[in-house]
$ cat input-v5.cif   # mmCIF, C-alpha atoms; chains and numbers go by the auth columns
data_target
loop_
_atom_site.group_PDB
_atom_site.id
_atom_site.type_symbol
_atom_site.label_atom_id
_atom_site.label_comp_id
_atom_site.label_asym_id
_atom_site.label_seq_id
_atom_site.Cartn_x
_atom_site.Cartn_y
_atom_site.Cartn_z
_atom_site.B_iso_or_equiv
_atom_site.auth_seq_id
_atom_site.auth_asym_id
ATOM 1 C CA MET A 1 -10.179 -7.655 -44.727 0.00 1 U
ATOM 2 C CA ARG A 2 -8.639 -10.773 -46.194 0.00 2 U
ATOM 3 C CA ARG A 3 -9.426 -11.483 -49.839 0.00 3 U
ATOM 4 C CA THR A 4 -9.522 -15.247 -50.288 0.00 4 U
ATOM 5 C CA THR A 5 -11.455 -17.591 -52.512 0.00 5 U
ATOM 6 C CA ARG A 6 -13.024 -20.503 -50.627 0.00 6 U
ATOM 7 C CA TYR A 7 -13.305 -24.043 -52.017 0.00 7 U
ATOM 8 C CA ARG A 8 -15.430 -26.717 -50.322 0.00 8 U
ATOM 9 C CA VAL A 9 -14.114 -30.276 -49.936 0.00 9 U
ATOM 10 C CA GLU A 10 -16.000 -33.470 -49.153 0.00 10 U
ATOM 11 C CA GLY A 11 -14.821 -36.324 -46.947 0.00 11 U
ATOM 12 C CA ALA A 12 -11.341 -36.026 -45.478 0.00 12 U
ATOM 13 C CA ASN A 13 -9.914 -32.629 -44.499 0.00 13 U
ATOM 14 C CA SER A 14 -8.726 -30.409 -47.328 0.00 14 U
ATOM 15 C CA LEU A 15 -5.037 -31.251 -46.919 0.00 15 U
ATOM 16 C CA TRP A 16 -5.840 -34.796 -48.080 0.00 16 U
ATOM 17 C CA HIS A 17 -7.047 -33.170 -51.334 0.00 17 U
ATOM 18 C CA VAL A 18 -3.850 -31.164 -51.842 0.00 18 U
ATOM 19 C CA TYR A 19 -2.740 -32.775 -55.119 0.00 19 U
ATOM 20 C CA LYS A 20 -6.164 -32.185 -56.610 0.00 20 U
ATOM 21 C CA THR A 21 -5.526 -28.466 -56.096 0.00 21 U
ATOM 22 C CA VAL A 22 -1.854 -28.188 -57.064 0.00 22 U
ATOM 23 C CA PRO A 23 0.359 -30.526 -59.149 0.00 23 U
ATOM 24 C CA PHE A 24 2.775 -32.704 -57.164 0.00 24 U
ATOM 25 C CA TRP A 25 5.817 -31.814 -59.310 0.00 25 U
ATOM 26 C CA LYS A 26 5.096 -28.095 -58.955 0.00 26 U
ATOM 27 C CA VAL A 27 5.236 -28.507 -55.160 0.00 27 U
ATOM 28 C CA VAL A 28 8.489 -30.497 -55.421 0.00 28 U
ATOM 29 C CA LYS A 29 10.114 -27.817 -57.628 0.00 29 U
ATOM 30 C CA ASN A 30 8.888 -24.996 -55.380 0.00 30 U
ATOM 31 C CA PHE A 31 10.113 -26.813 -52.266 0.00 31 U
ATOM 32 C CA VAL A 32 13.616 -27.256 -53.680 0.00 32 U
ATOM 33 C CA VAL A 33 13.851 -23.611 -54.832 0.00 33 U
ATOM 34 C CA ILE A 34 12.533 -22.272 -51.513 0.00 34 U
ATOM 35 C CA GLN A 35 14.890 -24.448 -49.452 0.00 35 U
ATOM 36 C CA VAL A 36 17.919 -23.370 -51.507 0.00 36 U
ATOM 37 C CA ALA A 37 16.891 -19.712 -51.163 0.00 37 U
ATOM 38 C CA ARG A 38 16.252 -19.993 -47.405 0.00 38 U
ATOM 39 C CA TYR A 39 19.930 -20.821 -46.810 0.00 39 U
ATOM 40 C CA THR A 40 21.412 -18.585 -49.527 0.00 40 U
ATOM 41 C CA PRO A 41 23.120 -15.447 -48.191 0.00 41 U
ATOM 42 C CA PHE A 42 23.109 -13.778 -51.632 0.00 42 U
ATOM 43 C CA LEU A 43 20.118 -11.419 -51.831 0.00 43 U
ATOM 44 C CA GLY A 44 20.285 -10.922 -55.597 0.00 44 U
ATOM 45 C CA MET A 45 20.361 -14.669 -56.170 0.00 45 U
ATOM 46 C CA LYS A 46 17.313 -15.174 -53.926 0.00 46 U
ATOM 47 C CA ASN A 47 15.328 -12.573 -55.847 0.00 47 U
ATOM 48 C CA TRP A 48 16.371 -14.139 -59.150 0.00 48 U
ATOM 49 C CA LEU A 49 15.313 -17.617 -57.952 0.00 49 U
ATOM 50 C CA TYR A 50 11.949 -16.287 -56.784 0.00 50 U
ATOM 51 C CA ARG A 51 11.298 -14.417 -60.042 0.00 51 U
ATOM 52 C CA LYS A 52 12.589 -17.103 -62.428 0.00 52 U
ATOM 53 C CA PHE A 53 11.363 -20.338 -60.847 0.00 53 U
ATOM 54 C CA LEU A 54 8.475 -19.307 -58.581 0.00 54 U
ATOM 55 C CA ARG A 55 7.036 -16.600 -60.873 0.00 55 U
ATOM 56 C CA MET A 56 6.894 -14.111 -58.015 0.00 56 U
ATOM 57 C CA ASN A 57 6.814 -10.358 -58.521 0.00 57 U
ATOM 58 C CA VAL A 58 9.758 -9.064 -56.454 0.00 58 U
ATOM 59 C CA GLY A 59 10.748 -5.387 -56.526 0.00 59 U
ATOM 60 C CA HIS A 60 14.245 -3.978 -57.031 0.00 60 U
ATOM 61 C CA GLN A 61 16.540 -4.153 -53.962 0.00 61 U
ATOM 62 C CA THR A 62 14.053 -6.128 -51.876 0.00 62 U
ATOM 63 C CA SER A 63 15.729 -8.282 -49.226 0.00 63 U
ATOM 64 C CA PHE A 64 14.551 -11.675 -47.993 0.00 64 U
ATOM 65 C CA ALA A 65 16.466 -12.553 -44.820 0.00 65 U
ATOM 66 C CA LEU A 66 17.775 -16.002 -43.967 0.00 66 U
ATOM 67 C CA MET A 67 15.121 -18.696 -43.432 0.00 67 U
ATOM 68 C CA VAL A 68 12.134 -16.828 -44.937 0.00 68 U
ATOM 69 C CA MET A 69 9.496 -19.458 -45.788 0.00 69 U
ATOM 70 C CA LEU A 70 7.335 -18.697 -48.807 0.00 70 U
ATOM 71 C CA ASP A 71 4.140 -20.504 -49.706 0.00 71 U
ATOM 72 C CA VAL A 72 5.324 -23.784 -51.228 0.00 72 U
ATOM 73 C CA MET A 73 2.135 -24.416 -53.212 0.00 73 U
ATOM 74 C CA PHE A 74 1.240 -20.998 -54.632 0.00 74 U
ATOM 75 C CA PRO A 75 4.276 -18.668 -54.394 0.00 75 U
ATOM 76 C CA GLU A 76 3.196 -16.924 -57.607 0.00 76 U
ATOM 77 C CA LYS A 77 0.377 -15.338 -55.568 0.00 77 U
ATOM 78 C CA ILE A 78 2.945 -13.347 -53.547 0.00 78 U
ATOM 79 C CA SER A 79 4.184 -9.935 -54.705 0.00 79 U
ATOM 80 C CA VAL A 80 6.637 -7.670 -52.898 0.00 80 U
ATOM 81 C CA GLY A 81 7.431 -4.062 -53.815 0.00 81 U
ATOM 82 C CA ARG A 82 10.833 -2.390 -54.087 0.00 82 U
ATOM 83 C CA ASN A 83 13.339 -1.889 -51.260 0.00 83 U
ATOM 84 C CA THR A 84 11.355 -3.992 -48.777 0.00 84 U
ATOM 85 C CA VAL A 85 12.892 -6.114 -46.005 0.00 85 U
ATOM 86 C CA ILE A 86 11.334 -9.464 -45.060 0.00 86 U
ATOM 87 C CA GLY A 87 12.787 -10.459 -41.674 0.00 87 U
ATOM 88 C CA TYR A 88 14.397 -13.698 -40.524 0.00 88 U
ATOM 89 C CA ASN A 89 12.168 -16.790 -40.448 0.00 89 U
ATOM 90 C CA THR A 90 9.058 -14.959 -41.657 0.00 90 U
ATOM 91 C CA THR A 91 6.345 -17.131 -43.232 0.00 91 U
ATOM 92 C CA ILE A 92 4.221 -15.824 -46.120 0.00 92 U
ATOM 93 C CA LEU A 93 1.174 -17.955 -46.981 0.00 93 U
ATOM 94 C CA ALA A 94 -1.087 -17.752 -50.039 0.00 94 U
ATOM 95 C CA HIS A 95 -3.145 -20.806 -49.058 0.00 95 U
ATOM 96 C CA GLU A 96 -4.767 -22.324 -46.003 0.00 96 U
ATOM 97 C CA TYR A 97 -6.105 -25.860 -45.823 0.00 97 U
ATOM 98 C CA LEU A 98 -8.905 -26.281 -43.283 0.00 98 U
ATOM 99 C CA ILE A 99 -11.256 -29.143 -42.358 0.00 99 U
ATOM 100 C CA LYS A 100 -14.130 -28.593 -44.822 0.00 100 U
ATOM 101 C CA GLU A 101 -12.541 -26.098 -47.188 0.00 101 U
ATOM 102 C CA TYR A 102 -9.336 -24.575 -48.465 0.00 102 U
ATOM 103 C CA ARG A 103 -8.712 -20.927 -49.260 0.00 103 U
ATOM 104 C CA LEU A 104 -6.401 -19.161 -51.706 0.00 104 U
ATOM 105 C CA GLY A 105 -5.524 -15.477 -51.742 0.00 105 U
ATOM 106 C CA ASP A 106 -2.947 -13.089 -53.162 0.00 106 U
ATOM 107 C CA VAL A 107 -0.481 -11.473 -50.761 0.00 107 U
ATOM 108 C CA GLU A 108 0.556 -7.943 -51.727 0.00 108 U
ATOM 109 C CA ILE A 109 3.425 -6.360 -49.801 0.00 109 U
ATOM 110 C CA GLY A 110 4.191 -2.771 -50.787 0.00 110 U
ATOM 111 C CA SER A 111 7.440 -0.872 -51.261 0.00 111 U
ATOM 112 C CA GLU A 112 9.723 0.255 -48.408 0.00 112 U
ATOM 113 C CA VAL A 113 7.986 -2.168 -46.015 0.00 113 U
ATOM 114 C CA MET A 114 9.769 -3.663 -43.002 0.00 114 U
ATOM 115 C CA ILE A 115 8.562 -7.096 -41.817 0.00 115 U
ATOM 116 C CA GLY A 116 10.105 -8.109 -38.484 0.00 116 U
ATOM 117 C CA ALA A 117 11.564 -11.552 -37.791 0.00 117 U
ATOM 118 C CA ASN A 118 9.333 -14.553 -37.093 0.00 118 U
ATOM 119 C CA SER A 119 6.172 -12.936 -38.458 0.00 119 U
ATOM 120 C CA THR A 120 3.436 -14.851 -40.278 0.00 120 U
ATOM 121 C CA ILE A 121 1.477 -13.289 -43.134 0.00 121 U
ATOM 122 C CA MET A 122 -1.839 -14.967 -43.930 0.00 122 U
ATOM 123 C CA PRO A 123 -3.379 -15.333 -47.429 0.00 123 U
ATOM 124 C CA GLY A 124 -5.341 -12.469 -48.973 0.00 124 U
ATOM 125 C CA ILE A 125 -3.455 -9.697 -47.151 0.00 125 U
ATOM 126 C CA ARG A 126 -2.294 -6.282 -48.378 0.00 126 U
ATOM 127 C CA ILE A 127 0.495 -4.461 -46.580 0.00 127 U
ATOM 128 C CA GLY A 128 0.727 -0.823 -47.681 0.00 128 U
ATOM 129 C CA ASP A 129 3.849 1.088 -48.715 0.00 129 U
ATOM 130 C CA GLY A 130 6.102 2.145 -45.849 0.00 130 U
ATOM 131 C CA ALA A 131 4.406 -0.058 -43.250 0.00 131 U
ATOM 132 C CA ILE A 132 6.333 -1.626 -40.373 0.00 132 U
ATOM 133 C CA VAL A 133 5.363 -5.028 -38.948 0.00 133 U
ATOM 134 C CA SER A 134 7.017 -5.773 -35.599 0.00 134 U
ATOM 135 C CA ALA A 135 8.736 -9.096 -34.952 0.00 135 U
ATOM 136 C CA GLY A 136 6.524 -12.068 -34.144 0.00 136 U
ATOM 137 C CA THR A 137 3.340 -10.577 -35.594 0.00 137 U
ATOM 138 C CA LEU A 138 0.473 -12.616 -37.049 0.00 138 U
ATOM 139 C CA VAL A 139 -0.697 -10.473 -39.977 0.00 139 U
ATOM 140 C CA HIS A 140 -4.325 -11.581 -40.290 0.00 140 U
ATOM 141 C CA LYS A 141 -5.752 -8.382 -41.784 0.00 141 U
ATOM 142 C CA ASP A 142 -4.609 -5.579 -44.074 0.00 142 U
ATOM 143 C CA VAL A 143 -1.953 -3.123 -42.884 0.00 143 U
ATOM 144 C CA PRO A 144 -2.453 0.535 -43.877 0.00 144 U
ATOM 145 C CA ALA A 145 0.370 2.344 -45.669 0.00 145 U
ATOM 146 C CA GLY A 146 2.887 3.819 -43.235 0.00 146 U
ATOM 147 C CA ALA A 147 1.383 2.150 -40.162 0.00 147 U
ATOM 148 C CA PHE A 148 3.374 0.412 -37.431 0.00 148 U
ATOM 149 C CA VAL A 149 1.622 -2.819 -36.396 0.00 149 U
ATOM 150 C CA GLY A 150 2.393 -5.714 -34.104 0.00 150 U
ATOM 151 C CA GLY A 151 1.156 -8.482 -31.876 0.00 151 U
ATOM 152 C CA ASN A 152 -1.026 -11.553 -31.949 0.00 152 U
ATOM 153 C CA PRO A 153 -3.709 -10.630 -32.672 0.00 153 U
ATOM 154 C CA MET A 154 -2.194 -7.865 -34.756 0.00 154 U
ATOM 155 C CA ARG A 155 -3.167 -4.314 -33.924 0.00 155 U
ATOM 156 C CA VAL A 156 -2.132 -0.872 -35.132 0.00 156 U
ATOM 157 C CA ILE A 157 0.444 0.540 -32.711 0.00 157 U
ATOM 158 C CA TYR A 158 0.949 3.834 -34.576 0.00 158 U
ATOM 159 C CA THR A 159 -0.782 5.252 -37.635 0.00 159 U
ATOM 160 C CA LYS A 160 1.307 6.822 -40.390 0.00 160 U
ATOM 161 C CA GLU A 161 0.628 10.274 -38.923 0.00 161 U
ATOM 162 C CA GLU A 162 1.457 9.241 -35.334 0.00 162 U
ATOM 163 C CA LEU A 163 4.673 7.596 -36.474 0.00 163 U
ATOM 164 C CA ALA A 164 5.668 10.696 -38.472 0.00 164 U
ATOM 165 C CA GLU A 165 5.119 12.823 -35.352 0.00 165 U
ATOM 166 C CA ARG A 166 7.203 10.491 -33.167 0.00 166 U
ATOM 167 C CA TRP A 167 10.019 10.476 -35.721 0.00 167 U
ATOM 168 C CA ALA A 168 9.907 14.180 -36.610 0.00 168 U
ATOM 169 C CA ASP A 169 13.281 14.925 -35.005 0.00 169 U
ATOM 170 C CA ASP A 170 14.959 11.593 -35.746 0.00 170 U
ATOM 171 C CA GLU A 171 18.154 12.129 -37.722 0.00 171 U
ATOM 172 C CA ILE A 172 17.498 9.149 -39.996 0.00 172 U
ATOM 173 C CA TYR A 173 13.722 8.753 -40.265 0.00 173 U
ATOM 174 C CA GLY A 174 12.501 12.242 -39.436 0.00 174 U
ATOM 175 C CA THR A 175 11.858 15.276 -41.574 0.00 175 U
ATOM 176 C CA SER A 176 14.314 17.380 -39.564 0.00 176 U
ATOM 177 C CA THR A 177 17.682 16.088 -40.764 0.00 177 U
ATOM 178 C CA THR A 178 19.869 19.136 -40.096 0.00 178 U
ATOM 179 C CA ASN A 179 22.143 17.169 -37.729 0.00 179 U
ATOM 180 C CA TYR A 180 22.582 14.264 -40.117 0.00 180 U
ATOM 181 C CA LYS A 181 26.079 13.616 -41.406 0.00 181 U
ATOM 182 C CA SER A 182 26.673 11.244 -44.255 0.00 182 U
ATOM 183 C CA GLU A 183 29.151 8.404 -43.887 0.00 183 U
ATOM 184 C CA THR A 184 31.459 10.080 -46.420 0.00 184 U
ATOM 185 C CA GLU A 185 31.900 13.288 -44.372 0.00 185 U
#

$ encode --input "input-v5.cif" --output "structure tokens"
Amino acid sequence: MRRTTRYRVEGANSLWHVYKTVPFWKVVKNFVVIQVARYTPFLGMKNWLYRKFLRMNVGHQTSFALMVMLDVMFPEKISVGRNTVIGYNTTILAHEYLIKEYRLGDVEIGSEVMIGANSTIMPGIRIGDGAIVSAGTLVHKDVPAGAFVGGNPMRVIYTKEELAERWADDEIYGTSTTNYKSETE
């Protein structure tokens, strides 16, 4: 279930009320930082920009791929755990402006999560630790920890337990790693 706070607007659609909800210069600053980061190939620099200027909570060794688009108005409502990968051209929203209302919600992405390219994450969503979101997915509801989800509308493809069973003998992801050889051997 999405956790958003709803705000009613009168008259024109809520996007016409945008600068009543967020300061203009905050949006300008966020836009510049996000655009610089979208084209920056340096992962550490991206994370630093997001933490320092957007006040985001970004975990250690998290990777934002090229062209990731963060919420330009409320990026501080986005948190990402450690060692997570956000795929190419993914959009993460913490707001939605509708006709008679706008909604705000925190986005919480866990640790060791893989978000596939061109996915969209809606406001008020939680993605559990170890989850996998396939490319092109519209994440419109919470994702359980360890689940593999995909599609539009999004659905659970494999639960954590089903995925563990499928990967049991995989030399990288499985629990049976007797055939695994490290790169240094």

$ closest_residue --input "input-v5.cif" --among "U:Val33, U:Met114, U:Thr90, U:Phe64" --to "U:Leu49" --atoms "only C-alpha atoms"
U:Val33

$ atom_distance --input "input-v5.cif" --atom1 "atom CA of U:Val107" --atom2 "atom CA of U:Ile127"
8.2 Å

$ closest_atom_pairs --input "input-v5.cif" --of "stretch 62-93 of chain U" --to "stretch 6-28 of chain U" --cutoff "9 Å" --atoms "all atoms listed in the file" --output "Markdown table"
| residue | atom | partner | partner_atom | distance |
| --- | --- | --- | --- | --- |
| U:Val72 | CA | U:Val27 | CA | 6.1 |
| U:Met73 | CA | U:Val27 | CA | 5.5 |
| U:Phe74 | CA | U:Val22 | CA | 8.2 |

$ atom_distance --input "input-v5.cif" --atom1 "atom CA of U:Ile78" --atom2 "atom CA of U:Thr91"
11.5 Å

$ resolve_selection --input "input-v5.cif" --expression "the PyMOL selection byres ((chain U and resi 84) around 8)" --output "list in words"
Gly59, Gln61, Thr62, Ser63, Val80, Gly81, Arg82, Asn83, Val85, Ile86, Gly110, Ser111, Glu112, Val113 and Met114 of chain U

$ axis_aligned_box --input "input-v5.cif" --around "stretch 67-79 of chain U" --padding-each-side "3 Å" --output "JSON"
{"center_x": 7.7, "center_y": -17.2, "center_z": -50.5, "size_x": 20.7, "size_y": 20.5, "size_z": 20.2}

$ atom_distance --input "input-v5.cif" --atom1 "atom CA of U:Ile172" --atom2 "atom CA of U:Leu66"
25.5 Å

$ residues_around --input "input-v5.cif" --residues "U:Ile115" --least-positions-apart "3" --cutoff "9 Å" --atoms "all atoms listed in the file" --output "list in words"
Thr84, Val85, Ile86, Gly87, Tyr88, Thr90, Asn118, Ser119, Ala131, Ile132, Val133, Ser134, Ala135 and Thr137 of chain U

$ closest_residue --input "input-v5.cif" --among "U:Thr159, U:Gly151, U:Tyr102, U:Lys29" --to "U:Gly128" --atoms "only C-alpha atoms"
U:Thr159

$ closest_residue --input "input-v5.cif" --among "U:Ile121, U:Val36, U:Val58, U:Met45" --to "U:Asn152" --atoms "only C-alpha atoms"
U:Ile121

$ residues_near_point --input "input-v5.cif" --point "(-4.3, -10.9, -42.0)" --cutoff "8 Å" --atoms "only C-alpha atoms" --output "list in words"
Met1, Arg2, Ile121, Met122, Pro123, Gly124, Ile125, Leu138, Val139, His140, Lys141 and Asp142 of chain U

$ residues_around --input "input-v5.cif" --residues "U:Leu104" --least-positions-apart "2" --cutoff "6 Å" --atoms "only C-alpha atoms" --output "tab-separated table (two decimals) with C-alpha atoms, in the coordinates of the input"
chain	number	residue	atom	x	y	z
U	4	THR	CA	-9.52	-15.25	-50.29
U	5	THR	CA	-11.46	-17.59	-52.51
U	94	ALA	CA	-1.09	-17.75	-50.04
U	95	HIS	CA	-3.14	-20.81	-49.06

$ closest_residue --input "input-v5.cif" --among "U:Arg166, U:Leu70, U:Arg3, U:Tyr97" --to "U:Arg126" --atoms "only C-alpha atoms"
U:Arg3

$ resolve_selection --input "input-v5.cif" --expression "the PyMOL selection byres ((chain U and resi 163) around 12)" --output "MDAnalysis selection string"
chainID U and resid 130:132 145:149 156:162 164:170 173:175

$ write_last_selection --input "input-v5.cif" --atoms "C-alpha atoms" --output "PDB file, in the frame of the given file"
ATOM      1  CA  GLY U 130       6.102   2.145 -45.849  1.00  0.00           C
ATOM      2  CA  ALA U 131       4.406  -0.058 -43.250  1.00  0.00           C
ATOM      3  CA  ILE U 132       6.333  -1.626 -40.373  1.00  0.00           C
ATOM      4  CA  ALA U 145       0.370   2.344 -45.669  1.00  0.00           C
ATOM      5  CA  GLY U 146       2.887   3.819 -43.235  1.00  0.00           C
ATOM      6  CA  ALA U 147       1.383   2.150 -40.162  1.00  0.00           C
ATOM      7  CA  PHE U 148       3.374   0.412 -37.431  1.00  0.00           C
ATOM      8  CA  VAL U 149       1.622  -2.819 -36.396  1.00  0.00           C
ATOM      9  CA  VAL U 156      -2.132  -0.872 -35.132  1.00  0.00           C
ATOM     10  CA  ILE U 157       0.444   0.540 -32.711  1.00  0.00           C
ATOM     11  CA  TYR U 158       0.949   3.834 -34.576  1.00  0.00           C
ATOM     12  CA  THR U 159      -0.782   5.252 -37.635  1.00  0.00           C
ATOM     13  CA  LYS U 160       1.307   6.822 -40.390  1.00  0.00           C
ATOM     14  CA  GLU U 161       0.628  10.274 -38.923  1.00  0.00           C
ATOM     15  CA  GLU U 162       1.457   9.241 -35.334  1.00  0.00           C
ATOM     16  CA  ALA U 164       5.668  10.696 -38.472  1.00  0.00           C
ATOM     17  CA  GLU U 165       5.119  12.823 -35.352  1.00  0.00           C
ATOM     18  CA  ARG U 166       7.203  10.491 -33.167  1.00  0.00           C
ATOM     19  CA  TRP U 167      10.019  10.476 -35.721  1.00  0.00           C
ATOM     20  CA  ALA U 168       9.907  14.180 -36.610  1.00  0.00           C
ATOM     21  CA  ASP U 169      13.281  14.925 -35.005  1.00  0.00           C
ATOM     22  CA  ASP U 170      14.959  11.593 -35.746  1.00  0.00           C
ATOM     23  CA  TYR U 173      13.722   8.753 -40.265  1.00  0.00           C
ATOM     24  CA  GLY U 174      12.501  12.242 -39.436  1.00  0.00           C
ATOM     25  CA  THR U 175      11.858  15.276 -41.574  1.00  0.00           C
TER      26      THR U 175
END

$ closest_residue --input "input-v5.cif" --among "U:Asp106, U:Arg51, U:Ile99, U:Phe42" --to "U:Ala65" --atoms "all atoms listed in the file"
U:Phe42

$ closest_residue --input "input-v5.cif" --among "U:Glu76, U:Gln35, U:Met69, U:Glu108" --to "U:Lys52" --atoms "all atoms listed in the file"
U:Glu76

$ decode --input "input-v5.cif" --residues "stretch 151-164 of chain U" --atoms "N, CA and C atoms" --output "PDB file, in the first residue's frame"
ATOM      1  N   GLY U 151       6.699  -5.751 -14.475  1.00  0.00           N
ATOM      2  CA  GLY U 151       5.515  -5.512 -15.281  1.00  0.00           C
ATOM      3  C   GLY U 151       4.819  -4.200 -15.018  1.00  0.00           C
ATOM      4  N   ASN U 152       3.783  -3.979 -15.816  1.00  0.00           N
ATOM      5  CA  ASN U 152       2.915  -2.813 -15.680  1.00  0.00           C
ATOM      6  C   ASN U 152       1.501  -3.261 -16.016  1.00  0.00           C
ATOM      7  N   PRO U 153       0.678  -3.532 -15.003  1.00  0.00           N
ATOM      8  CA  PRO U 153       0.928  -3.279 -13.580  1.00  0.00           C
ATOM      9  C   PRO U 153       1.928  -4.282 -12.993  1.00  0.00           C
ATOM     10  N   MET U 154       2.637  -3.830 -11.981  1.00  0.00           N
ATOM     11  CA  MET U 154       3.633  -4.658 -11.329  1.00  0.00           C
ATOM     12  C   MET U 154       2.970  -5.847 -10.643  1.00  0.00           C
ATOM     13  N   ARG U 155       3.643  -6.982 -10.742  1.00  0.00           N
ATOM     14  CA  ARG U 155       3.191  -8.167 -10.009  1.00  0.00           C
ATOM     15  C   ARG U 155       4.416  -8.913  -9.499  1.00  0.00           C
ATOM     16  N   VAL U 156       4.202  -9.740  -8.477  1.00  0.00           N
ATOM     17  CA  VAL U 156       5.285 -10.566  -7.953  1.00  0.00           C
ATOM     18  C   VAL U 156       5.488 -11.733  -8.911  1.00  0.00           C
ATOM     19  N   ILE U 157       6.699 -11.867  -9.422  1.00  0.00           N
ATOM     20  CA  ILE U 157       7.053 -12.969 -10.319  1.00  0.00           C
ATOM     21  C   ILE U 157       7.528 -14.158  -9.490  1.00  0.00           C
ATOM     22  N   TYR U 158       8.416 -13.899  -8.522  1.00  0.00           N
ATOM     23  CA  TYR U 158       8.871 -14.921  -7.587  1.00  0.00           C
ATOM     24  C   TYR U 158       8.938 -14.317  -6.195  1.00  0.00           C
ATOM     25  N   THR U 159       8.495 -15.076  -5.197  1.00  0.00           N
ATOM     26  CA  THR U 159       8.693 -14.667  -3.809  1.00  0.00           C
ATOM     27  C   THR U 159      10.153 -14.926  -3.439  1.00  0.00           C
ATOM     28  N   LYS U 160      10.544 -14.454  -2.281  1.00  0.00           N
ATOM     29  CA  LYS U 160      11.911 -14.671  -1.795  1.00  0.00           C
ATOM     30  C   LYS U 160      12.225 -16.168  -1.751  1.00  0.00           C
ATOM     31  N   GLU U 161      11.279 -16.963  -1.271  1.00  0.00           N
ATOM     32  CA  GLU U 161      11.488 -18.402  -1.145  1.00  0.00           C
ATOM     33  C   GLU U 161      11.576 -19.081  -2.522  1.00  0.00           C
ATOM     34  N   GLU U 162      10.702 -18.683  -3.443  1.00  0.00           N
ATOM     35  CA  GLU U 162      10.736 -19.258  -4.797  1.00  0.00           C
ATOM     36  C   GLU U 162      12.035 -18.899  -5.515  1.00  0.00           C
ATOM     37  N   LEU U 163      12.483 -17.676  -5.325  1.00  0.00           N
ATOM     38  CA  LEU U 163      13.726 -17.245  -5.959  1.00  0.00           C
ATOM     39  C   LEU U 163      14.920 -18.007  -5.379  1.00  0.00           C
ATOM     40  N   ALA U 164      14.916 -18.203  -4.061  1.00  0.00           N
ATOM     41  CA  ALA U 164      15.997 -18.960  -3.412  1.00  0.00           C
ATOM     42  C   ALA U 164      16.046 -20.391  -3.950  1.00  0.00           C
TER      43      ALA U 164
END
